[in-house]
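Quick look at target_34.pdb (PDB, C-alpha atoms (C1' of nucleotides)):
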```pdb
ATOM      1  CA  MET A  16       0.801   0.326  -7.347
ATOM      2  CA  VAL A  17       3.931   2.381  -7.070
ATOM      3  CA  LYS A  18       2.853   5.831  -6.092
ATOM      4  CA  ILE A  19       3.812   8.861  -4.163
ATOM      5  CA  SER A  20       1.713   9.448  -1.063
ATOM      6  CA  GLN A  21      -1.096  11.917  -0.802
ATOM      7  CA  LYS A  22       0.920  13.709   1.861
ATOM      8  CA  THR A  23       3.728  14.403  -0.554
ATOM      9  CA  ARG A  24       1.336  15.400  -3.297
ATOM     10  CA  TYR A  25      -0.463  17.829  -1.026
ATOM     11  CA  ALA A  26       2.890  19.180   0.142
ATOM     12  CA  VAL A  27       4.023  19.930  -3.391
ATOM     13  CA  ARG A  28       0.812  21.688  -4.296
ATOM     14  CA  ALA A  29       0.771  23.631  -1.078
ATOM     15  CA  LEU A  30       4.341  24.837  -1.548
ATOM     16  CA  MET A  31       3.617  25.959  -5.079
ATOM     17  CA  ARG A  32       0.509  27.730  -3.903
ATOM     18  CA  LEU A  33       2.317  29.345  -1.017
ATOM     19  CA  LYS A  34       4.758  30.891  -3.426
ATOM     20  CA  THR A  35       1.975  32.834  -5.123
ATOM     21  CA  TYR A  36       1.353  34.742  -1.900
ATOM     22  CA  GLY A  37       4.714  36.429  -2.113
ATOM     23  CA  PRO A  38       7.375  36.984   0.543
ATOM     24  CA  ASP A  39       4.918  37.534   3.406
ATOM     25  CA  GLY A  40       3.508  34.048   3.011
ATOM     26  CA  ALA A  41       0.036  32.925   4.021
ATOM     27  CA  THR A  42      -1.862  31.117   6.737
ATOM     28  CA  LEU A  43      -2.625  27.452   6.803
ATOM     29  CA  ARG A  44      -6.273  28.182   6.265
ATOM     30  CA  GLN A  45      -5.626  30.242   3.165
ATOM     31  CA  ILE A  46      -3.626  27.467   1.566
ATOM     32  CA  SER A  47      -5.964  24.677   2.571
ATOM     33  CA  ASN A  48      -8.915  26.613   1.207
ATOM     34  CA  ALA A  49      -7.186  27.544  -2.012
ATOM     35  CA  GLU A  50      -6.013  24.006  -2.664
ATOM     36  CA  ASN A  51      -8.929  22.149  -1.162
ATOM     37  CA  ILE A  52      -6.794  20.184   1.234
ATOM     38  CA  PRO A  53      -8.186  19.077   4.623
ATOM     39  CA  THR A  54      -6.938  21.733   7.029
ATOM     40  CA  LYS A  55      -5.894  19.438   9.830
ATOM     41  CA  PHE A  56      -4.099  17.148   7.460
ATOM     42  CA  LEU A  57      -2.208  20.011   5.907
ATOM     43  CA  GLU A  58      -1.311  21.141   9.390
ATOM     44  CA  GLN A  59       0.673  17.961   9.950
ATOM     45  CA  ILE A  60       2.337  18.399   6.606
ATOM     46  CA  PHE A  61       3.344  21.993   7.234
ATOM     47  CA  SER A  62       4.623  21.073  10.649
ATOM     48  CA  ALA A  63       6.922  18.528   9.016
ATOM     49  CA  LEU A  64       8.033  21.027   6.395
ATOM     50  CA  VAL A  65       8.960  23.487   9.125
ATOM     51  CA  LYS A  66      11.077  20.847  10.836
ATOM     52  CA  ALA A  67      12.760  20.124   7.527
ATOM     53  CA  ASN A  68      13.646  23.759   7.189
ATOM     54  CA  ILE A  69      11.616  24.227   4.054
ATOM     55  CA  LEU A  70       9.074  26.498   5.709
ATOM     56  CA  GLU A  71       9.251  29.122   8.378
ATOM     57  CA  SER A  72       6.341  29.615  10.726
ATOM     58  CA  LYS A  73       5.037  32.268  13.030
ATOM     59  CA  ARG A  74       2.289  31.726  15.551
ATOM     60  CA  GLY A  75      -0.583  33.830  16.739
ATOM     61  CA  ILE A  76      -2.756  36.325  14.953
ATOM     62  CA  GLU A  77      -0.804  37.741  12.036
ATOM     63  CA  GLY A  78       1.026  34.400  11.997
ATOM     64  CA  GLY A  79       1.426  32.024   9.102
ATOM     65  CA  TYR A  80       3.954  30.267   6.925
ATOM     66  CA  LYS A  81       6.653  31.482   4.581
ATOM     67  CA  LEU A  82       8.927  29.653   2.180
ATOM     68  CA  LYS A  83      12.421  29.443   3.561
ATOM     69  CA  LYS A  84      13.920  28.312   0.279
ATOM     70  CA  ASP A  85      13.292  29.000  -3.348
ATOM     71  CA  LEU A  86      11.301  26.315  -5.155
ATOM     72  CA  ARG A  87      14.340  25.825  -7.374
ATOM     73  CA  GLU A  88      16.248  24.620  -4.348
ATOM     74  CA  ILE A  89      13.658  22.116  -3.161
ATOM     75  CA  SER A  90      13.712  18.671  -4.713
ATOM     76  CA  LEU A  91      10.895  16.165  -4.654
ATOM     77  CA  TYR A  92      13.108  14.049  -2.468
ATOM     78  CA  ASP A  93      13.445  16.859   0.066
ATOM     79  CA  VAL A  94       9.684  17.031   0.356
ATOM     80  CA  MET A  95       9.246  13.281   0.585
ATOM     81  CA  LYS A  96      11.887  13.014   3.237
ATOM     82  CA  ALA A  97      10.302  15.844   5.191
ATOM     83  CA  VAL A  98       6.901  14.188   5.305
ATOM     84  CA  LYS A  99       8.424  10.769   5.901
ATOM     85  CA  ASP A 100       7.390   9.350   2.564
ATOM     86  CA  ASP A 101      10.423   7.137   2.237
ATOM     87  CA  VAL A 102      11.915   6.261  -1.074
ATOM     88  CA  LYS A 103      12.811   2.655  -0.642
ATOM     89  CA  VAL A 104      11.605   1.772  -4.051
ATOM     90  CA  ALA A 105      13.794  -1.142  -4.471
ATOM     91  CA  ARG A 106      16.509  -2.013  -2.068
ATOM     92  CA  CYS A 107      16.735  -5.688  -1.272
ATOM     93  CA  PHE A 108      14.062  -5.967   1.399
ATOM     94  CA  ASP A 109      13.528  -9.634   1.022
ATOM     95  CA  PHE A 110      15.933 -10.665   3.702
ATOM     96  CA  ALA A 111      17.169  -8.876   6.757
ATOM     97  CA  GLN A 112      20.579  -7.370   6.289
ATOM     98  CA  ASN A 113      23.394  -9.874   6.266
ATOM     99  CA  GLU A 114      20.952 -12.729   6.322
ATOM    100  CA  CYS A 115      20.329 -13.118   2.646
ATOM    101  CA  PRO A 116      21.034 -16.759   1.759
ATOM    102  CA  LEU A 117      22.419 -15.587  -1.538
ATOM    103  CA  MET A 118      24.938 -13.236  -0.021
ATOM    104  CA  PRO A 119      27.378 -11.652  -0.400
ATOM    105  CA  MET A 120      25.681 -10.177  -3.430
ATOM    106  CA  CYS A 121      22.891 -11.899  -5.289
ATOM    107  CA  LYS A 122      21.786 -10.834  -8.726
ATOM    108  CA  ALA A 123      18.500  -9.515  -7.442
ATOM    109  CA  GLU A 124      20.235  -7.297  -4.956
ATOM    110  CA  LEU A 125      22.432  -5.793  -7.623
ATOM    111  CA  PHE A 126      19.386  -5.188  -9.735
ATOM    112  CA  TRP A 127      17.467  -3.468  -6.968
ATOM    113  CA  ARG A 128      20.424  -1.318  -6.150
ATOM    114  CA  LYS A 129      20.464  -0.017  -9.657
ATOM    115  CA  ILE A 130      16.765   0.714  -9.577
ATOM    116  CA  GLN A 131      17.034   2.408  -6.230
ATOM    117  CA  GLU A 132      19.919   4.604  -7.328
ATOM    118  CA  ARG A 133      18.338   5.620 -10.590
ATOM    119  CA  THR A 134      15.007   6.411  -9.000
ATOM    120  CA  MET A 135      16.621   8.400  -6.240
ATOM    121  CA  LYS A 136      18.510  10.339  -8.846
ATOM    122  CA  VAL A 137      15.254  11.362 -10.474
ATOM    123  CA  PHE A 138      13.718  12.412  -7.171
ATOM    124  CA  THR A 139      16.729  14.339  -5.944
ATOM    125  CA  GLU A 140      17.342  16.075  -9.247
ATOM    126  CA  THR A 141      13.815  17.141 -10.037
ATOM    127  CA  MET A 142      13.125  20.455  -8.377
ATOM    128  CA  LEU A 143       9.715  21.929  -7.637
ATOM    129  CA  GLU A 144      10.582  24.606 -10.145
ATOM    130  CA  GLU A 145      13.092  24.193 -12.951
TER
ATOM    131  CA  MET B   9       6.521   4.959   1.438
ATOM    132  CA  VAL B  10       7.180   4.650  -2.240
ATOM    133  CA  LYS B  11       7.944   1.061  -2.918
ATOM    134  CA  ILE B  12       7.616  -1.664  -5.416
ATOM    135  CA  SER B  13       5.149  -4.381  -4.441
ATOM    136  CA  GLN B  14       6.103  -7.717  -2.993
ATOM    137  CA  LYS B  15       4.535  -9.308  -6.047
ATOM    138  CA  THR B  16       6.962  -7.578  -8.346
ATOM    139  CA  ARG B  17       9.889  -8.301  -6.077
ATOM    140  CA  TYR B  18       9.020 -11.989  -5.939
ATOM    141  CA  ALA B  19       8.563 -12.019  -9.688
ATOM    142  CA  VAL B  20      12.019 -10.614 -10.311
ATOM    143  CA  ARG B  21      13.680 -13.069  -7.991
ATOM    144  CA  ALA B  22      11.723 -15.977  -9.399
ATOM    145  CA  LEU B  23      12.637 -15.102 -12.963
ATOM    146  CA  MET B  24      16.295 -14.849 -12.085
ATOM    147  CA  ARG B  25      16.105 -18.146 -10.271
ATOM    148  CA  LEU B  26      14.265 -19.800 -13.125
ATOM    149  CA  LYS B  27      17.072 -18.903 -15.445
ATOM    150  CA  THR B  28      19.521 -20.987 -13.429
ATOM    151  CA  TYR B  29      17.533 -24.119 -14.307
ATOM    152  CA  GLY B  30      18.457 -23.832 -17.956
ATOM    153  CA  PRO B  31      16.317 -24.174 -21.068
ATOM    154  CA  ASP B  32      14.067 -26.892 -19.654
ATOM    155  CA  GLY B  33      12.819 -24.643 -16.919
ATOM    156  CA  ALA B  34      11.462 -25.745 -13.559
ATOM    157  CA  THR B  35       8.249 -26.300 -11.673
ATOM    158  CA  LEU B  36       6.506 -23.786  -9.495
ATOM    159  CA  ARG B  37       7.380 -25.824  -6.438
ATOM    160  CA  GLN B  38      11.067 -25.842  -7.250
ATOM    161  CA  ILE B  39      11.184 -22.095  -7.568
ATOM    162  CA  SER B  40       9.040 -21.379  -4.558
ATOM    163  CA  ASN B  41      11.181 -23.668  -2.431
ATOM    164  CA  ALA B  42      14.438 -22.290  -3.701
ATOM    165  CA  GLU B  43      13.365 -18.702  -3.170
ATOM    166  CA  ASN B  44      11.215 -19.182  -0.120
ATOM    167  CA  ILE B  45       8.163 -17.646  -1.711
ATOM    168  CA  PRO B  46       4.666 -18.820  -0.683
ATOM    169  CA  THR B  47       3.740 -21.347  -3.353
ATOM    170  CA  LYS B  48       0.203 -20.228  -3.920
ATOM    171  CA  PHE B  49       1.218 -16.630  -4.108
ATOM    172  CA  LEU B  50       3.885 -17.379  -6.652
ATOM    173  CA  GLU B  51       1.324 -19.330  -8.618
ATOM    174  CA  GLN B  52      -0.677 -16.155  -9.173
ATOM    175  CA  ILE B  53       2.441 -14.343 -10.168
ATOM    176  CA  PHE B  54       3.532 -16.952 -12.671
ATOM    177  CA  SER B  55       0.073 -17.091 -14.124
ATOM    178  CA  ALA B  56       0.325 -13.354 -14.781
ATOM    179  CA  LEU B  57       3.785 -13.718 -16.285
ATOM    180  CA  VAL B  58       2.475 -16.365 -18.669
ATOM    181  CA  LYS B  59      -0.293 -14.040 -19.804
ATOM    182  CA  ALA B  60       2.297 -11.325 -20.345
ATOM    183  CA  ASN B  61       4.259 -13.644 -22.566
ATOM    184  CA  ILE B  62       7.283 -13.630 -20.322
ATOM    185  CA  LEU B  63       6.888 -17.277 -19.321
ATOM    186  CA  GLU B  64       5.721 -20.363 -21.101
ATOM    187  CA  SER B  65       3.913 -23.063 -19.170
ATOM    188  CA  LYS B  66       3.098 -26.704 -19.551
ATOM    189  CA  ARG B  67       0.603 -28.512 -17.365
ATOM    190  CA  GLY B  68       0.513 -31.980 -15.892
ATOM    191  CA  ILE B  69       3.257 -34.202 -14.616
ATOM    192  CA  GLU B  70       6.486 -33.229 -16.316
ATOM    193  CA  GLY B  71       5.007 -29.773 -16.621
ATOM    194  CA  GLY B  72       6.496 -26.505 -15.447
ATOM    195  CA  TYR B  73       7.589 -23.070 -16.550
ATOM    196  CA  LYS B  74      10.200 -21.839 -18.968
ATOM    197  CA  LEU B  75      11.451 -18.359 -19.764
ATOM    198  CA  LYS B  76      10.113 -17.167 -23.049
ATOM    199  CA  LYS B  77      12.463 -14.218 -23.277
ATOM    200  CA  ASP B  78      15.996 -13.561 -22.274
ATOM    201  CA  LEU B  79      16.398 -11.586 -19.059
ATOM    202  CA  ARG B  80      18.095  -8.906 -21.126
ATOM    203  CA  GLU B  81      14.831  -8.340 -22.921
ATOM    204  CA  ILE B  82      12.673  -8.024 -19.822
ATOM    205  CA  SER B  83      12.455  -4.647 -18.142
ATOM    206  CA  LEU B  84      11.292  -3.990 -14.631
ATOM    207  CA  TYR B  85       8.341  -2.220 -16.174
ATOM    208  CA  ASP B  86       7.390  -5.338 -18.129
ATOM    209  CA  VAL B  87       7.269  -7.310 -14.904
ATOM    210  CA  MET B  88       5.336  -4.650 -13.029
ATOM    211  CA  LYS B  89       2.836  -4.340 -15.804
ATOM    212  CA  ALA B  90       2.434  -8.110 -15.945
ATOM    213  CA  VAL B  91       1.603  -8.386 -12.253
ATOM    214  CA  LYS B  92      -0.524  -5.235 -12.314
ATOM    215  CA  ASP B  93       1.804  -3.206 -10.143
ATOM    216  CA  ASP B  94       1.026   0.045 -11.883
ATOM    217  CA  VAL B  95       3.514   2.808 -12.193
ATOM    218  CA  LYS B  96       1.451   5.868 -11.556
ATOM    219  CA  VAL B  97       4.074   7.434  -9.446
ATOM    220  CA  ALA B  98       3.090  10.918 -10.027
ATOM    221  CA  ARG B  99       0.522  11.939 -12.564
ATOM    222  CA  CYS B 100      -1.840  14.594 -11.404
ATOM    223  CA  PHE B 101      -4.320  12.499  -9.437
ATOM    224  CA  ASP B 102      -5.631  15.287  -7.338
ATOM    225  CA  PHE B 103      -8.524  16.162  -9.509
ATOM    226  CA  ALA B 104     -10.565  14.159 -11.921
ATOM    227  CA  GLN B 105      -9.630  14.754 -15.507
ATOM    228  CA  ASN B 106     -10.725  18.085 -16.873
ATOM    229  CA  GLU B 107     -11.947  19.158 -13.493
ATOM    230  CA  CYS B 108      -8.795  20.615 -12.089
ATOM    231  CA  PRO B 109      -9.579  24.170 -10.986
ATOM    232  CA  LEU B 110      -6.121  25.179 -12.108
ATOM    233  CA  MET B 111      -6.541  23.908 -15.639
ATOM    234  CA  PRO B 112      -5.545  23.932 -18.422
ATOM    235  CA  MET B 113      -2.121  23.135 -17.000
ATOM    236  CA  CYS B 114      -1.178  23.931 -13.454
ATOM    237  CA  LYS B 115       2.392  23.975 -12.275
ATOM    238  CA  ALA B 116       1.904  20.880 -10.165
ATOM    239  CA  GLU B 117       0.635  18.935 -13.115
ATOM    240  CA  LEU B 118       3.668  19.854 -15.170
ATOM    241  CA  PHE B 119       5.886  18.829 -12.298
ATOM    242  CA  TRP B 120       4.224  15.439 -11.853
ATOM    243  CA  ARG B 121       4.427  14.779 -15.547
ATOM    244  CA  LYS B 122       8.153  15.216 -15.434
ATOM    245  CA  ILE B 123       8.479  12.914 -12.457
ATOM    246  CA  GLN B 124       6.259  10.318 -14.067
ATOM    247  CA  GLU B 125       8.191  10.377 -17.323
ATOM    248  CA  ARG B 126      11.569  10.190 -15.706
ATOM    249  CA  THR B 127      10.587   7.391 -13.385
ATOM    250  CA  MET B 128       9.017   5.419 -16.196
ATOM    251  CA  LYS B 129      12.205   5.831 -18.157
ATOM    252  CA  VAL B 130      14.182   4.217 -15.350
ATOM    253  CA  PHE B 131      11.750   1.329 -15.084
ATOM    254  CA  THR B 132      11.500   0.670 -18.797
ATOM    255  CA  GLU B 133      15.215   0.951 -19.402
ATOM    256  CA  THR B 134      16.474  -1.171 -16.553
ATOM    257  CA  MET B 135      16.535  -4.782 -17.624
ATOM    258  CA  LEU B 136      16.604  -7.827 -15.352
ATOM    259  CA  GLU B 137      20.046  -8.483 -16.714
ATOM    260  CA  GLU B 138      22.308  -5.853 -18.211
TER
ATOM    261  C1'  DC C   9      -8.265 -45.872 -17.702
ATOM    262  C1'  DA C  10      -6.911 -44.512 -13.042
ATOM    263  C1'  DT C  11      -3.633 -41.922 -10.682
ATOM    264  C1'  DA C  12      -0.601 -38.428  -9.539
ATOM    265  C1'  DA C  13       1.547 -34.205 -10.485
ATOM    266  C1'  DT C  14       1.206 -30.188 -12.316
ATOM    267  C1'  DT C  15      -0.831 -25.488 -13.962
ATOM    268  C1'  DC C  16      -5.170 -22.529 -14.040
ATOM    269  C1'  DA C  17      -8.947 -19.711 -12.075
ATOM    270  C1'  DT C  18     -11.118 -17.229  -8.638
ATOM    271  C1'  DA C  19     -12.848 -16.044  -4.108
ATOM    272  C1'  DC C  20     -11.832 -14.846   0.480
ATOM    273  C1'  DT C  21      -9.243 -13.306   4.779
ATOM    274  C1'  DA C  22      -5.813 -10.984   7.341
ATOM    275  C1'  DA C  23      -2.410  -7.674   7.932
ATOM    276  C1'  DA C  24      -0.327  -3.402   7.031
ATOM    277  C1'  DC C  25      -0.312   1.169   5.642
ATOM    278  C1'  DT C  26      -2.306   5.722   4.473
ATOM    279  C1'  DA C  27      -5.486   9.373   4.947
ATOM    280  C1'  DA C  28      -8.163  11.892   7.667
ATOM    281  C1'  DT C  29     -10.234  13.491  12.031
ATOM    282  C1'  DA C  30     -10.154  15.166  16.777
ATOM    283  C1'  DG C  31      -8.983  17.701  20.898
ATOM    284  C1'  DG C  32      -6.492  20.577  23.160
ATOM    285  C1'  DA C  33      -1.857  23.147  24.328
ATOM    286  C1'  DA C  34       1.269  27.023  23.324
ATOM    287  C1'  DA C  35       2.343  31.441  21.373
ATOM    288  C1'  DA C  36       1.535  36.099  19.520
ATOM    289  C1'  DT C  37      -1.108  40.232  18.623
ATOM    290  C1'  DC C  38      -4.463  43.618  19.861
TER
ATOM    291  C1'  DG D  30      -7.955  38.718  28.379
ATOM    292  C1'  DA D  31      -9.785  37.440  23.973
ATOM    293  C1'  DT D  32      -8.806  35.824  19.529
ATOM    294  C1'  DT D  33      -6.234  33.810  16.014
ATOM    295  C1'  DT D  34      -2.890  31.237  14.751
ATOM    296  C1'  DT D  35       0.682  27.288  14.903
ATOM    297  C1'  DC D  36       2.074  23.007  17.504
ATOM    298  C1'  DC D  37       1.569  18.271  19.352
ATOM    299  C1'  DT D  38      -0.057  13.724  19.400
ATOM    300  C1'  DA D  39      -3.647  10.159  19.660
ATOM    301  C1'  DT D  40      -7.361   7.809  17.380
ATOM    302  C1'  DT D  41     -10.351   6.227  13.694
ATOM    303  C1'  DA D  42     -11.623   4.998   9.104
ATOM    304  C1'  DG D  43     -10.519   3.580   4.663
ATOM    305  C1'  DT D  44      -7.752   1.397   1.178
ATOM    306  C1'  DT D  45      -4.411  -1.599  -0.522
ATOM    307  C1'  DT D  46      -1.405  -5.477  -0.378
ATOM    308  C1'  DA D  47      -0.115 -10.017   0.948
ATOM    309  C1'  DG D  48      -1.328 -14.339   1.672
ATOM    310  C1'  DT D  49      -4.594 -18.452   2.039
ATOM    311  C1'  DA D  50      -8.033 -21.654   0.351
ATOM    312  C1'  DT D  51     -10.642 -24.494  -2.762
ATOM    313  C1'  DG D  52     -11.191 -26.857  -6.547
ATOM    314  C1'  DA D  53     -11.083 -27.461 -11.800
ATOM    315  C1'  DA D  54      -8.421 -28.598 -16.019
ATOM    316  C1'  DT D  55      -4.528 -30.823 -18.176
ATOM    317  C1'  DT D  56      -0.900 -34.172 -19.070
ATOM    318  C1'  DA D  57       2.340 -38.069 -18.518
ATOM    319  C1'  DT D  58       2.677 -42.736 -16.907
ATOM    320  C1'  DG D  59       1.849 -47.486 -15.363
TER
END
```
Rewrite the coordinates I just gave you, this time as C-alpha cells.
Amino acid sequence: MVKISQKTRYAVRALMRLKTYGPDGATLRQISNAENIPTKFLEQIFSALVKANILESKRGIEGGYKLKKDLREISLYDVMKAVKDDVKVARCFDFAQNECPLMPMCKAELFWRKIQERTMKVFTETMLEE
Amino acid sequence: MVKISQKTRYAVRALMRLKTYGPDGATLRQISNAENIPTKFLEQIFSALVKANILESKRGIEGGYKLKKDLREISLYDVMKAVKDDVKVARCFDFAQNECPLMPMCKAELFWRKIQERTMKVFTETMLEE
DNA sequence: CATAATTCATACTAAACTAATAGGAAAATC
DNA sequence: GATTTTCCTATTAGTTTAGTATGAATTATG
C-alpha cells in the first residue's frame, strides 16, 4: 500500500484548521480538539513544523502557534519533509549505491528515476491551497 | 516514508528480466536467480501477475512464464494493482465515509483528491518501457 | 506408469515501520 | 510562585510488509 503517513495527514489538516483562527493563531489543544487528533501526537508534529519554519511558536500562557507562511506557499512535499515522511517512492533501492550488478544504468533504475521525478513533481507542485 | 512495496519493485525487475529471455520465456528459478529475488516470494508475485493477465504460465517440466503483453502496454499501476499494492496515497481516510464532521467537502478532502488524482496519473501513464 | 521439474495455493513467522502514549523540562504570563 | 503552554525524548503497542514453509496439481519424458 502506497500511502502518505498519518503524521503528514494530520499535519495538513492541522495547518488548514490553524488558518481559520486568523493571524493570532491557536493553541495546540484548540487544534487537536477541533480536529480530533491525539494531543501528544500533534505536539510532535507541530514541533517538526516549527523547525521547518512553517509554524511559529510561543510558549507559556497566552502562547500557541501561528502560520509563518501562507498555505499557498506550502507544498505537500514541504510538510512531508518537515515531519520526516520521506518521498522515496521509487529510487532504485534494490542494491546499495554503486553496487548494482546491472550498473552503470539498468532499465529498472531508469524506470524508477522517472517515477520518482514525476511523483516528486506532484508533491512539490501541489500546494495546501491553490 | 512513502514508498512502493518490495513486491512491486521485484515484479518490475522480474518483468524486465523476463523480456530478455525472448518469446519462449523462462522459469521462475531462472528469473529469481538472475535477479536475486527469493524464489518463493517471486512465486507469489508471478502467480498474481498471471491472474492479472500480464503473464502466461505453463506447468510441469518444460514449463515456465511468458509475457502476455509488451512492456509498453504495462503501466506501473497495472503491476501494483496485480500484486495488491494499492495506490491510496491520499484520499481522505481520516473519517469513515459520510461521517466527516467537515462534510460535505472539507478543504483537506479536496486537497487529497487532487494529490490522489495526480499521483494516479503518474502511475497509470508511466509504462515499464517507454 | 514412475519420476522429476515445474507452477499453484495457502498458512505461518519474523522483521520493520508507524502511531500513539508517557513523563517531565523549559519558558512565559499573571 | 502558580499556571499554562511549548519543547524534548524515550517507550510501547499496533499494523503492515517481507519472507519462509509445506504440500498439491500439472506436464513432459524415459
Q.
Quick one: residues within 10 Å of stretch 10-16 of chain C, all atoms listed in the file, excluding same-chain residues fewer than 6 positions away - as a ChimeraX atom specification?
A. /B:35-37,51-52,54-55,65-73 /D:53-59
Show me, as JSON lines, the residues of stretch 24-64 of chain A having an atom within 10 Å of stretch 114-133 of chain B, each with the closest atom pair and its distance in Å, using all atoms listed in the file.
```
{"residue": "A:Arg24", "atom": "CA", "partner": "B:Ala116", "partner_atom": "CA", "distance": 8.8}
{"residue": "A:Tyr25", "atom": "CA", "partner": "B:Ala116", "partner_atom": "CA", "distance": 9.9}
{"residue": "A:Val27", "atom": "CA", "partner": "B:Ala116", "partner_atom": "CA", "distance": 7.2}
{"residue": "A:Arg28", "atom": "CA", "partner": "B:Ala116", "partner_atom": "CA", "distance": 6.0}
{"residue": "A:Ala29", "atom": "CA", "partner": "B:Ala116", "partner_atom": "CA", "distance": 9.6}
{"residue": "A:Leu30", "atom": "CA", "partner": "B:Ala116", "partner_atom": "CA", "distance": 9.8}
{"residue": "A:Met31", "atom": "CA", "partner": "B:Ala116", "partner_atom": "CA", "distance": 7.4}
{"residue": "A:Arg32", "atom": "CA", "partner": "B:Lys115", "partner_atom": "CA", "distance": 9.4}
```
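Here atom C1' of C:DG32 stands at a distance of 24.5 Å from atom CA of A:Asn51.
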Let me know the centre plus edge lengths, in Å and rounded to one decimal, of a box with edges along x, y and z that contains all listed atoms of stretch 16-29 of chain C and is padded by 8 Å on every side, as AutoDock Vina command-line options.
```
--center_x -6.6 --center_y -4.5 --center_z -1.0 --size_x 28.5 --size_y 52.0 --size_z 42.1
```
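Applied to this file, the PyMOL selection byres ((chain D) within 6 of (chain A)) selects DT33, DT34 and DT35 of chain D.
Distances here use only C-alpha atoms; by that measure, the residue among A:Leu82, A:Leu64, A:Leu70, A:Ala49 closest to A:Gly37 is A:Leu82.
The residue set within 10 Å of A:Thr54, counting all atoms listed in the file and dropping same-chain residues fewer than 6 places from it, reads A:Leu43, A:Arg44, A:Gln45, A:Ile46, A:Ser47, A:Asn48, A:Ile60, C:DA28.
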(Q) Please compute the atom CA of B:Val58-atom CA of B:Ile82 distance, one decimal, in Å. (A) 13.2 Å
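Between chain C and the candidates A:Lys66, A:Gln21, A:Tyr92, A:Val104, the tightest atom-to-atom separation, counting only C-alpha atoms (C1' of nucleotides), involves A:Gln21.
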Q: Can you pull out every residue within 9 Å of D:DG48, counting only C-alpha atoms (C1' of nucleotides), but drop anything in the same chain fewer than 4 positions away, and send it as a list in words?
A: Pro46, Lys48 and Phe49 of chain B; DT21 and DA22 of chain C
Please, could you write that set of residues out with C-alpha atoms (C1' of nucleotides) as a short mmCIF file (atom, residue, chain, number, x, y, z; two decimals), in the coordinates of the input?
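Below you can see part32.cif, which holds the result:
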```
data_model
loop_
_atom_site.label_atom_id
_atom_site.label_comp_id
_atom_site.auth_asym_id
_atom_site.auth_seq_id
_atom_site.Cartn_x
_atom_site.Cartn_y
_atom_site.Cartn_z
CA PRO B 46 4.67 -18.82 -0.68
CA LYS B 48 0.20 -20.23 -3.92
CA PHE B 49 1.22 -16.63 -4.11
"C1'" DT C 21 -9.24 -13.31 4.78
"C1'" DA C 22 -5.81 -10.98 7.34
#
```
Q: Expand the PyMOL selection byres ((chain C and resi 30) around 8) into the individual residues it matches in the shown file, reporting them as a VMD selection string.
A: (chain C and resid 29 31) or (chain D and resid 40)
Deliver the residues from the most recent selection as a file, using C-alpha atoms (C1' of nucleotides), as an mmCIF file, keeping the file's coordinate frame.
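Output saved as out_22.cif:
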```cif
data_model
loop_
_atom_site.group_PDB
_atom_site.id
_atom_site.type_symbol
_atom_site.label_atom_id
_atom_site.label_comp_id
_atom_site.auth_asym_id
_atom_site.auth_seq_id
_atom_site.Cartn_x
_atom_site.Cartn_y
_atom_site.Cartn_z
ATOM 1 C "C1'" DT C 29 -10.234 13.491 12.031
ATOM 2 C "C1'" DG C 31 -8.983 17.701 20.898
ATOM 3 C "C1'" DT D 40 -7.361 7.809 17.380
#
```
**Q.** Contact set, chain C to chain A: 10 Å, all atoms listed in the file, as a PyMOL selection string
**A.** chain C and resi 26-30+34-38
Could you save the residues just selected, with C-alpha atoms (C1' of nucleotides), as a PDB file, in the frame of the given file?
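Wrote again23.pdb, looks like this:
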```
ATOM      1  C1'  DT C  26      -2.306   5.722   4.473  1.00  0.00           C
ATOM      2  C1'  DA C  27      -5.486   9.373   4.947  1.00  0.00           C
ATOM      3  C1'  DA C  28      -8.163  11.892   7.667  1.00  0.00           C
ATOM      4  C1'  DT C  29     -10.234  13.491  12.031  1.00  0.00           C
ATOM      5  C1'  DA C  30     -10.154  15.166  16.777  1.00  0.00           C
ATOM      6  C1'  DA C  34       1.269  27.023  23.324  1.00  0.00           C
ATOM      7  C1'  DA C  35       2.343  31.441  21.373  1.00  0.00           C
ATOM      8  C1'  DA C  36       1.535  36.099  19.520  1.00  0.00           C
ATOM      9  C1'  DT C  37      -1.108  40.232  18.623  1.00  0.00           C
ATOM     10  C1'  DC C  38      -4.463  43.618  19.861  1.00  0.00           C
TER      11       DC C  38
END
```
Q) What would the list of residues within 10 Å of (-10.5, -16.5, -3.8) (file frame) look like as a ChimeraX atom specification, if all atoms listed in the file are what count? A) /C:17-21 /D:49-51
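The two atoms in question, atom C1' of D:DC36 and atom CA of A:Glu144, are spaced 29.0 Å apart.
Closest approach to chain B from the set A:Gly40, A:Ile52, A:Glu71, A:Ala63 is made by A:Ile52, with distances taken over all atoms listed in the file.
If all atoms listed in the file are the atoms counted, then among B:Leu84, B:Leu79, B:Ala60, B:Val10 the closest residue to B:Thr134 is B:Leu84.
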